[in-house]
Structures are given as structure tokens and as C-alpha cells.
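Below is one structure, written out as C-alpha cells, with a few remarks after it.
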Amino acid sequence: MDERKADESSWFGRTAKLIQERFKSHNKNFESDLETEQQYKERWRSIYIIYFTMFLISLGFSIIVTGVWPYLDKLDPTAGKEFMGYIVAANPFGQMLFSPLVGWWSNRLGSIRIPLLASLALFTTTSIIYSSLELFDEHRKHWMLWTRFLVGVSSANIAACRSYLSAATRVSERTKAVSMISLAQVLGFIVGPAIQAAVVPLGDEGFWLIPHKLKLNMYTASGWINVIFSLFNMYLFLPHVFKEHKIAGREAMLKQGKNNEKDTWKQHRPNYFATWTLIVAFFVIVFNFMLLETLGTPLTMDQFAWSKADSLKYMGILMSVGAVLAIITFASISPLCKKFSEVKVMIWGGFLFMVLGRAIYIPFNNDPPVMYDSELKLNMTLICDKVLYNRPNNEYDFNLNETIWNLNKNSLDEVAVKNLTFNCGEDLLGCPSSQEWCSFTPAITLTQFIIGYFLTAFGYPIGVTLIQTIFSKLLGPRPQGVWMGLMTGSGCLSRVMGPVFVTHIYEEFGTVWTFGLTAVMMVLCLLWLLYFNKTLIPVEIILEPEGQELKEIHLVRVPLSEKVEDD
């Protein structure tokens with residue numbers, strides 16, 4: 001027993017000593033000429049706030065992606081999947097247009113606080129409108145389109161956030177910081193649908209916030225959650241919480257002994273071919289990730305004959321598991337990069353998994369999916385809207401009067417009408433007859449869908465993180481605001497084109513063409529990166545203080561006796 005106590009005592013002693021040594025090494029950060037301990041703490045607090053902001057920007061986009069199709073179909077059954085693609089694309093389109101303006105504004109002010117507070121206020125307002133679309137009697141699909149566009153405008157602060165992150169970190173901290181900001185974004189993309197799934201128990205009807213006008217249901221709850229997160233984020237940017245500390249320029253000046261930051265840039269000229277290659281690669285990988293974000297819900301409803309609630313619930317569960325896999329994947333990036341080069345891990349760990357994830361979705365040797373009459377479903381929905389809710393149907397030229405009056409007047413209560421109309425068309429499940437390819441194209445199996453999604457959950461975090469990490473290293477110590485803006489614009493463009501392209505191809509030509517074309521896109525990008533992989537490796541520049549060149553002189557010992565004899 002005494003020996004056991006002694007062992008435990010020695011173990012605790014060793015642990016305490018190890019922790020003490022860690023804190024000693026950690027405190028060395030405060031002994032430099034760059035910052036005090038208090039400034040160090042404030043700087044990293046500001047970086048953590050940037051992480052949360054990037055998470056919120058991604059969450060604001062993804063939290064509605066799985067619910068936008070059933071919500072749109074509920075508000076306006078005449079809208080169609082192609083219009084849904086425009087709604088999903090409106091967010092990144094607004095972000096792409098206004099990112100340069102927000103970047104210029106923050107540079108002009110020399111601070112990101114006011115631009116961030118203004119953008120978050122816009123995000124809050126538009127999220128409230130999105131959750132209140134039932135208050136509008138007409139043009140609901142267009143109001144939804146505009147709210148998503150304005151949410152995109154509010155998320156134009158992403159380039160300013162990335163630029164500040166580059167300015168607020170040392171070279172030794174930057175890889176970790178870029179990885180963490182990538183993790184925050186990926187988690188935002190994946191956690192959003194999980195939150196949407198968590199509110200599914202509210203159901204399609206929900207409960208009244210404003211009697212007979214506004215409901216809180218499984219579609220509108222996501223918008224109100226955005227409002228709460230945004231108000232908290234605005235608080236974090238108040239002066240007593242968020243304090244800006246830019247250290248990168250001072251660090252480069254100190255290391256190189258320069259008097260201004262511009263002189264430090266001359267030591268490192270970025271490889272423009274490599275940087276533009278990574279920008280294109282970023283476009284391709286985000287484009288393919290958006291494929292599942294956009295088509296996930298309608299695809300499962302078409303292929304597996306799931307209801308709206310089932311699709312939201314099961315997609316949320318799947319994406320929650322994907323979030324866990326993404327976290328595990330992020331934890332594996334650093335150990336993998338210690339054994340292999342970052343470029344190889346990006347290619348074989350990121351892009352190869354994404355290629356496999358796209359290819360496995362191409363259906364083969366299965367029966368076509370279950371189908372329903374899309375015209376009948378639309379008519380049943382419009383009858384319910386007219387009889388139960390007295391909503392106008394001006395956007396669809398359909399004479400409801402004869403159908404309505406053919407119903408027994410004594411049974412025009414809500415339950416009877418829903419029974420006569422297949423629950424307002426909601427019980428008609430499967431692939432719509434308007435998509436002609438459904439009648440002959442093999443269905444995707446649930447096993448295919450799950451395996452393909454998990455391959456994406458492994459590949460996307462590795463690819464998107466290492467693209468940004470290598471990109472930042474290629475640029476060197478110079479301010480990266482403009483280049484990060486280009487990288488952001490590339491991601492925005494892919495999120496604009498992706499939803500519009502994939503929804504159009506999917507609705508017109510089906511799963512074979514949709515996943516076949518995206519798989520070819522990923523293969524071409526993989527081969528390009530593989531061929532130029534050596535070009536993508538960042539050149540490490542060792543900055544040595546003055547007088548270090550003396551180490552390169554090779555001194556040879558000459559015996560004194562030889563010297564005397566020569567004399």
C-alpha cells in the first residue's frame with residue numbers, strides 16, 4: 001500500500017512539474033519586445049471572437065439549407081426546385097459583391113469593429129424577416145430570396161475577419177489559427193443542419209407567436225436561433241470585450257531589423273501560379289461540398305420517399321455524425337502533416353476522398369425511385385390553401401372553384417379537407433412526375449448516400465484547411481487582406497454557381513449527370529494538383545539577425561609550429 005501511495009505521489013509530482021514547465025514555456029511569449037502579458041491575452045481573446053464570428057457566418061448560411069426547400073414549398077408550392085437554387089445562391093452572391101466594399105471600409109477605418117457591428121445588425125434584421133415570411137400574403141418566394149441575399153451582404157465581413165487574423169498572429173501561430181478558423185467554418189456548415197433537425201419536433205404547424213398571423217415552427221425556428229446568436233456576437237464586439245492587437249507587422253520588422261513593414265515584404269515574393277492554383281482548388285472543393293448542402297433534403301425526399309419532417313430529422317442526424325467526424329479529422333491533420341508534406345495530405349487525404357464521395361453517388365443496377373403525380377400534389381396543396389387559409393393563388397392559373405364546390409359542404413372542416421386532399425398533398429411522397437428521369441434512372445440506395453456523405457466529411461475538412469494554410473504560407477509576412485478577399489470571393493462564387501448549377505442539372509437530367517459531372521471536376525483538379533505538387537510547397541525563408549553570416553565562414557586550424565617554420 002505504501003509503495004502504491006509513493007507511486008501515486010511521484011506521478012502527481014511529475015505531472016505537476018510537467019504542467020509547471022508548460023506554463024514556464026508559455027510565459028516566454030510575454031518576455032518579447034512585441035507585447036505584454038495583458039496585450040497577449042487581449043489579442044487571443046479577439047482571435048477567439050473572430051473564430052465565433054466565422055462560425056456564425058457559416059451557420060447563418062447552412063442552418064436554413066436543409067429546411068429551405070420544405071419551407072419554400074409550404075409558403076409557395078409553385079416555386080419549384082430551380083427557384084430554391086436561386087435562394088440558396090443569393091446568400092454567397094451578396095457576400096461576393098460586398099466583400100471588397102467591407103474590406104475597403106475596414107482598411108479605411110483601420111479597425112474592423114464598426115463594419116462587424118453594422119454587418120451583424122443587418123444579419124439580425126434579415127433573420128427576423130426570414131422567420132416572419134408568413135406575414136406576407138403575396139410574393140413570399142421573392143421575399144425569401146431578398147432576405148437570403150441580405151444575409152449574404154451581412155456576411156461580407158468574412159474577408160475582414162481573415163485579414164485581421166493574419167495581422168493579429170505571429171508566423172509561428174498562423175498555421176494553428178488558420179486551421180482553427182477553417183474548423184469554425186466547417187463546423188458552422190455542418191452544425192447548422194443539425195440544429196435544424198433539433199427543432200423538427202416543433203412540427204409543420206408549431207405554435208402561434210402572433211395569433212392567426214405568425215407561427216414558430218420547425219422552419220422559422222432556425223431564423224430565430226440566428227437572431228439570438230447574432231445579438232450575442234454583437235455584444236462580443238463592444239469595446240470593453242473586443243480589443244484589436246495587430247502583431248504580424250511588428251514581428252517582421254523586429255526579426256529583419258527594418259524600420260517599416262513594407263521593407264519586410266521584399267524578403268518574400270509569393271508564387272502567383274501556386275496561389276492562383278489554390279484559389280481555383282478552393283473553388284472546386286467548396287463547389288462540391290455545396291452539392292450535398294443544397295441537394296441533401298430534396299435528394300433524400302425524391303430518392304427515399306421521405307416526408308419533409310423525416311428528411312430534416314435524418315439529414316440532421318447524419319450531419320451531426322459528420323460534425324463529429326470532421327472534428328476527428330481536424331485533430332488528425334497536424335500528426336499527418338508531421339509525417340507527410342502538407343501538399344500530399346491535401347491531395348491524398350482531401351481531394352481523393354472528395355472524388356470517391358462524388359463517384360459513389362452515381363447510381364447503378366437499382367430500380368427507379370417511387371414516384372408521385374406532381375400536378376395532383378400541387379392541386380391538393382392549392383385547395384388546402386384556398387379552403388383552410390383563404391390564401392390567394394394568383395401566381396398559378398388553376399380554377400379551384402369547381403373542385404372546391406364538389407367537396408361536401410358539411411365536411412369542409414380542417415380534418416376532413418386534409419383527408420380528402422392527401423393531407424394537403426403531403427402524403428404524396430417520392431420523386432415528382434415532372435422530373436422525367438425519375439421513371440428510368442436507378443435510385444440511389446441509402447447505403448450509397450451515407451458512405452458518400454462520410455467520405456465528404458473526411459475529405460472536405462482536410463482539403464479546405466490545408467488549402468488555406470498553404471495559401472497563407474505562400475503569401476508570407478505581407479498583409480493578406482486582398483489575397484484573402486480573392487480566396488473568399490472564390491468560395492462565394494462556388495456557392496453562387498453550385499446551387500444554381502446542381503439544382504438545374506439535377507431537376508432536368510437527374511443523378512447520373514449531376515454526380516458524374518462533379519466527379520469529373522474533382523478528378524481534373526486532383527490531377528492538376530498532383531502534377532504541380534512541388535510548385536505548391538511553400539519556400540521557407542530563414543530570417544537571421546545581423547552578424548549571423550559569420551557562421552558560414554569555415555575556419556581551418558593552422559599549427560603554430562608550421563607558421564614559425566615558414567617564417
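Chains: A, B, ... in order of the C-alpha cells. Residues: from 1 per chain. Ligands: from 1, in order shown.
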Counting only C-alpha atoms, give me one row per residue of range 456-542 of chain A with an atom at most 8 Å from an atom of range 169-179 of chain A, showing the shortest contact pair and its distance in Å to one decimal, sorted by chain then residue number, as a tab-separated table.
residue	atom	partner	partner_atom	distance
A:Thr465	CA	A:Ser179	CA	5.6
A:Leu466	CA	A:Ser179	CA	7.7
A:Gln468	CA	A:Val178	CA	6.9
A:Thr469	CA	A:Thr175	CA	5.8
A:Pro477	CA	A:Val171	CA	7.6
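Here CA of Leu336 in chain A stands at a distance of 21.1 Å from CA of Gln185 in chain A.
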Could you give me, as JSON lines, every range 82-177 of chain A residue with an atom at most 8 Å from range 51-69 of chain A, plus its closest atom pair and distance in Å to one decimal, counting only C-alpha atoms, rows ordered by chain then number?
{"residue": "A:Met84", "atom": "CA", "partner": "A:Trp69", "partner_atom": "CA", "distance": 6.3}
{"residue": "A:Val88", "atom": "CA", "partner": "A:Val65", "partner_atom": "CA", "distance": 7.0}
{"residue": "A:Asn91", "atom": "CA", "partner": "A:Phe61", "partner_atom": "CA", "distance": 7.1}
{"residue": "A:Val151", "atom": "CA", "partner": "A:Gly60", "partner_atom": "CA", "distance": 7.7}
{"residue": "A:Ser155", "atom": "CA", "partner": "A:Ile57", "partner_atom": "CA", "distance": 5.8}
{"residue": "A:Ile158", "atom": "CA", "partner": "A:Met54", "partner_atom": "CA", "distance": 6.8}
{"residue": "A:Cys161", "atom": "CA", "partner": "A:Met54", "partner_atom": "CA", "distance": 7.6}
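For the set A:Pro77, A:Phe136, A:Thr275, A:Glu82, the residue with the smallest atom-to-atom gap to Asn379 in chain A is A:Pro77, counting only C-alpha atoms.
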Item to check | Residues within 12 Å of Asn107 in chain A, only C-alpha atoms, excluding chain neighbours under 3 positions, as a ChimeraX atom specification | outcome: /A:100-104,110-115,159-161,163-164,479-482
Next on the checklist: Give me, as a PyMOL selection string, the residues of range 46-79 of chain A that a backbone DSSP run labels alpha helix (DSSP H).
Outcome noted: chain A and resi 46-62+65-75
Item to check | Gap from CA of Ser433 in chain A to CA of Phe364 in chain A - Å, one decimal | outcome: 20.6 Å
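Counting only C-alpha atoms and comparing A:Leu420, A:Cys337, A:Met301, A:Leu352, the residue that lies closest to Cys384 in chain A is A:Leu420.
Neighbouring residues of Thr125 in chain A at 12 Å or closer, counting only C-alpha atoms and skipping chain neighbours under 5 positions away, are Ala118, Ser119, Leu120, Tyr130, Ser131, Ser132, Thr147, Arg148, Leu150, Val151, Ser154, Gly223, Trp224, Asn226, Val227, Ile228, Ser230 and Leu231 of chain A.
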Item to check | Selection: 9 Å around Glu42 in chain A, only C-alpha atoms, excl. self and same-chain fewer than 3 positions, as a ChimeraX atom specification | outcome: /A:37-39,45-47,241-245
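Of the listed residues A:Phe207, A:Tyr219, A:Phe353, A:Phe287, the one whose atoms come nearest to Ser490 in chain A is A:Phe287, with distances taken using only C-alpha atoms.
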Item to check | Spatial neighbours of Val496 in chain A, max dist 7 Å, only C-alpha atoms, sep filter under 6 positions, as a ChimeraX atom specification | outcome: /A:89-90,92-93
Contacts of Val186 in chain A within 9 Å, only C-alpha atoms, excl. fewer than 4 positions in-chain, as an mmCIF file with C-alpha atoms, in the first residue's frame:
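Printed below is selection-v8.cif as written:
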data_model
loop_
_atom_site.group_PDB
_atom_site.id
_atom_site.type_symbol
_atom_site.label_atom_id
_atom_site.label_comp_id
_atom_site.auth_asym_id
_atom_site.auth_seq_id
_atom_site.Cartn_x
_atom_site.Cartn_y
_atom_site.Cartn_z
ATOM 1 C CA PHE A 55 -18.735 30.004 -37.171
ATOM 2 C CA SER A 58 -21.268 29.684 -41.862
ATOM 3 C CA ILE A 181 -10.777 29.356 -38.446
ATOM 4 C CA SER A 182 -11.273 26.627 -41.057
ATOM 5 C CA ILE A 190 -22.208 21.009 -40.570
ATOM 6 C CA VAL A 191 -23.792 22.044 -37.250
ATOM 7 C CA ALA A 323 -19.625 17.070 -37.476
ATOM 8 C CA ALA A 326 -14.957 16.488 -39.052
ATOM 9 C CA TYR A 460 -13.598 18.370 -47.101
ATOM 10 C CA PRO A 461 -12.101 19.472 -43.728
ATOM 11 C CA VAL A 464 -10.224 23.236 -47.207
#
Checklist entry - Of the candidates A:Pro270, A:Pro239, A:Gly452, A:Pro298, which one gets nearest to Phe515 in chain A if we count only C-alpha atoms? => result A:Gly452
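The space between CA of Ile362 in chain A and CA of Phe282 in chain A spans 23.4 Å.
Checking A:Met487, A:Leu135, A:Leu34, A:Val523 one by one against Ile210 in chain A, counting only C-alpha atoms, you find the shortest gap at A:Leu135.
Residue nearest Ile537 in chain A, chosen from A:Phe471, A:Lys246, A:Gly80, A:Met290 and counting only C-alpha atoms: A:Phe471.
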